[in-house]
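Just upload.json here, JSON, C-alpha atoms:
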[["chain", "number", "residue", "atom", "x", "y", "z"],
["A", 1, "MET", "CA", -51.70, 80.89, 258.24],
["A", 2, "THR", "CA", -53.91, 77.80, 258.35],
["A", 3, "HIS", "CA", -57.69, 77.89, 258.07],
["A", 4, "SER", "CA", -58.06, 76.49, 261.57],
["A", 5, "GLN", "CA", -55.74, 79.15, 263.01],
["A", 6, "THR", "CA", -57.62, 81.90, 261.16],
["A", 7, "LEU", "CA", -60.93, 80.65, 262.52],
["A", 8, "LEU", "CA", -59.55, 80.26, 266.05],
["A", 9, "ASP", "CA", -58.11, 83.80, 265.91],
["A", 10, "SER", "CA", -61.53, 85.09, 264.87],
["A", 11, "ILE", "CA", -63.26, 83.26, 267.74],
["A", 12, "THR", "CA", -60.66, 84.61, 270.18],
["A", 13, "LYS", "CA", -61.29, 88.16, 268.95],
["A", 14, "GLU", "CA", -65.07, 87.73, 269.28],
["A", 15, "ILE", "CA", -64.71, 86.48, 272.85],
["A", 16, "THR", "CA", -62.50, 89.47, 273.68],
["A", 17, "ILE", "CA", -65.17, 91.82, 272.30],
["A", 18, "ILE", "CA", -67.96, 90.03, 274.20],
["A", 19, "LYS", "CA", -66.00, 90.36, 277.46],
["A", 20, "GLN", "CA", -65.54, 94.10, 276.82],
["A", 21, "LEU", "CA", -69.25, 94.55, 276.11],
["A", 22, "PHE", "CA", -70.08, 92.68, 279.32],
["A", 23, "LYS", "CA", -68.30, 95.44, 281.28],
["A", 24, "LYS", "CA", -70.65, 98.00, 279.74],
["A", 25, "ILE", "CA", -73.88, 96.44, 281.02],
["A", 26, "PRO", "CA", -75.38, 99.09, 283.31],
["A", 27, "THR", "CA", -76.36, 98.26, 286.86],
["A", 28, "GLY", "CA", -79.77, 96.62, 286.72],
["A", 29, "GLY", "CA", -79.39, 95.96, 283.00],
["A", 30, "ILE", "CA", -79.15, 92.19, 283.41],
["A", 31, "ASN", "CA", -82.95, 91.86, 283.12],
["A", 32, "PHE", "CA", -83.23, 94.12, 280.05],
["A", 33, "ARG", "CA", -85.21, 92.54, 277.25],
["A", 34, "PRO", "CA", -85.32, 94.44, 273.90],
["A", 35, "ALA", "CA", -88.81, 93.09, 273.23],
["A", 36, "GLU", "CA", -91.18, 90.80, 275.07],
["A", 37, "ASN", "CA", -90.36, 87.76, 272.94],
["A", 38, "MET", "CA", -86.55, 88.26, 272.98],
["A", 39, "ARG", "CA", -83.83, 86.99, 275.31],
["A", 40, "SER", "CA", -82.97, 89.09, 278.32],
["A", 41, "THR", "CA", -79.37, 90.18, 278.81],
["A", 42, "GLU", "CA", -78.95, 87.42, 281.39],
["A", 43, "GLU", "CA", -80.34, 84.78, 279.03],
["A", 44, "LEU", "CA", -78.04, 86.00, 276.26],
["A", 45, "LEU", "CA", -74.98, 85.88, 278.53],
["A", 46, "ARG", "CA", -75.80, 82.33, 279.64],
["A", 47, "TYR", "CA", -76.23, 81.31, 275.99],
["A", 48, "LEU", "CA", -72.86, 82.85, 275.06],
["A", 49, "LEU", "CA", -71.15, 80.94, 277.87],
["A", 50, "SER", "CA", -71.61, 77.62, 276.13],
["A", 51, "THR", "CA", -72.83, 77.89, 272.56],
["A", 52, "GLY", "CA", -69.38, 78.02, 270.97],
["A", 53, "VAL", "CA", -67.79, 75.12, 272.77],
["A", 54, "ALA", "CA", -70.93, 72.97, 272.85],
["A", 55, "THR", "CA", -71.44, 73.31, 269.10],
["A", 56, "LEU", "CA", -67.79, 72.56, 268.31],
["A", 57, "ARG", "CA", -67.80, 69.56, 270.62],
["A", 58, "PHE", "CA", -70.97, 68.26, 268.92],
["A", 59, "PHE", "CA", -69.32, 68.64, 265.51],
["A", 60, "SER", "CA", -66.37, 66.55, 266.73],
["A", 61, "MET", "CA", -68.42, 63.56, 267.95],
["A", 62, "GLU", "CA", -70.65, 61.02, 266.25],
["A", 63, "GLN", "CA", -73.63, 63.13, 265.34],
["A", 64, "ASN", "CA", -76.91, 61.76, 266.50],
["A", 65, "ARG", "CA", -79.78, 63.02, 268.60],
["A", 66, "ASP", "CA", -78.66, 61.24, 271.79],
["A", 67, "ASN", "CA", -75.17, 62.76, 271.60],
["A", 68, "MET", "CA", -76.66, 66.15, 270.85],
["A", 69, "ILE", "CA", -78.97, 66.02, 273.87],
["A", 70, "ALA", "CA", -76.21, 64.75, 276.18],
["A", 71, "ASN", "CA", -73.65, 67.28, 274.93],
["A", 72, "PHE", "CA", -75.84, 70.35, 275.19],
["A", 73, "GLY", "CA", -77.33, 69.03, 278.44],
["A", 74, "HIS", "CA", -73.81, 68.76, 279.90],
["A", 75, "TYR", "CA", -73.14, 72.45, 279.26],
["A", 76, "SER", "CA", -76.59, 73.50, 280.41],
["A", 77, "GLU", "CA", -76.09, 71.64, 283.68],
["A", 78, "LYS", "CA", -72.54, 72.93, 284.08],
["A", 79, "LEU", "CA", -73.74, 76.54, 283.84],
["A", 80, "LYS", "CA", -76.89, 76.22, 285.91],
["A", 81, "GLY", "CA", -76.70, 78.84, 288.63],
["A", 82, "ALA", "CA", -73.37, 80.20, 287.33],
["A", 83, "GLU", "CA", -72.40, 83.53, 288.87],
["A", 84, "LEU", "CA", -72.51, 86.01, 286.00],
["A", 85, "SER", "CA", -70.14, 88.29, 287.89],
["A", 86, "LYS", "CA", -67.51, 85.75, 286.79],
["A", 87, "PHE", "CA", -68.60, 85.96, 283.15],
["A", 88, "PRO", "CA", -65.18, 87.05, 281.76],
["A", 89, "GLU", "CA", -63.40, 84.20, 283.53],
["A", 90, "MET", "CA", -66.02, 81.71, 282.33],
["A", 91, "MET", "CA", -65.59, 82.96, 278.75],
["A", 92, "ASP", "CA", -61.82, 82.44, 279.15],
["A", 93, "GLU", "CA", -62.52, 78.86, 280.25],
["A", 94, "GLN", "CA", -64.74, 78.32, 277.22],
["A", 95, "LEU", "CA", -61.95, 79.65, 275.00],
["A", 96, "ARG", "CA", -59.48, 77.19, 276.54],
["A", 97, "GLU", "CA", -61.88, 74.34, 275.71],
["A", 98, "ILE", "CA", -62.30, 75.68, 272.17],
["A", 99, "GLU", "CA", -58.52, 75.87, 271.73],
["A", 100, "GLU", "CA", -58.25, 72.26, 272.89],
["A", 101, "LEU", "CA", -60.90, 71.19, 270.38],
["A", 102, "PHE", "CA", -59.13, 73.08, 267.61],
["A", 103, "SER", "CA", -55.94, 71.16, 268.31],
["A", 104, "ASN", "CA", -57.80, 68.15, 266.84],
["A", 105, "ILE", "CA", -59.39, 69.91, 263.87],
["A", 106, "SER", "CA", -57.43, 69.86, 260.64],
["A", 107, "ASP", "CA", -57.75, 72.24, 257.74],
["A", 108, "GLU", "CA", -58.97, 69.24, 255.74],
["A", 109, "ASP", "CA", -61.83, 68.83, 258.26],
["A", 110, "LEU", "CA", -62.74, 72.49, 258.01],
["A", 111, "LEU", "CA", -62.78, 72.36, 254.24],
["A", 112, "LYS", "CA", -64.45, 69.01, 253.62],
["A", 113, "LYS", "CA", -66.08, 67.45, 256.68],
["A", 114, "GLN", "CA", -69.86, 67.55, 256.57],
["A", 115, "VAL", "CA", -71.62, 68.00, 259.89],
["A", 116, "LEU", "CA", -75.20, 68.28, 261.03],
["A", 117, "MET", "CA", -76.44, 71.34, 262.81],
["A", 118, "PRO", "CA", -77.53, 70.45, 266.36],
["A", 119, "TRP", "CA", -81.20, 70.80, 265.42],
["A", 120, "GLY", "CA", -80.77, 68.55, 262.35]]
Entire entry expressed as structure tokens:
Amino acid sequence: MTHSQTLLDSITKEITIIKQLFKKIPTGGINFRPAENMRSTEELLRYLLSTGVATLRFFSMEQNRDNMIANFGHYSEKLKGAELSKFPEMMDEQLREIEELFSNISDEDLLKKQVLMPWG
């Protein structure tokens, strides 16, 4: 099995687990915040809806601050006001985008390409 397929399989498994955990959020639990300075459940779900695909897309483009802002802004805007009741379907959509990105990532890229983290 290739490195890219192994990584994609792992991401797919993680998304499956996240979707299962979503079903276990109790009624009214969307506003739960473990501590005052931590993300609420809603904020965490919204983060999970784009962080994977947005980061991979950033890694695949010319890496500079303008591209970073535009890329992450695109996903932020896309998810603004998203209905969290459709969270599993939206995670499936993110996975489809991730699979598409992986079709252009070689094992050589995974092993040798140097990328910047979005924050530098």
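Proximity to Gln63 (chain A) was assessed for A:Thr2, A:Trp119, A:Leu110, A:Ile17 counting only C-alpha atoms; the smallest distance is recorded for A:Trp119.
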Just checking: using all atoms listed in the file, which residue out of A:Leu95, A:Ile18, A:Met68, A:Met117 ends up closest to Leu44 (chain A)?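 Checking each candidate against Leu44 (chain A), we get A:Ile18 as the closest.
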Please, what distance in Å, to one decimal, runs between CA of Leu116 (chain A) and CA of Glu93 (chain A)?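 According to the coordinates, CA of Leu116 (chain A) and CA of Glu93 (chain A) are separated by 25.3 Å.
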Name the closest residue to Glu77 (chain A) among the candidates A:Ser50, A:Thr12, A:Ser103, A:Asn64; distances are taken between atoms, counting only C-alpha atoms. A:Ser50
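Contact shell of Lys23 (chain A) at 10 Å (all atoms listed in the file; same-chain neighbours under 4 positions omitted): Ile18, Lys19, Ser85, Phe87 and Pro88 of chain A.
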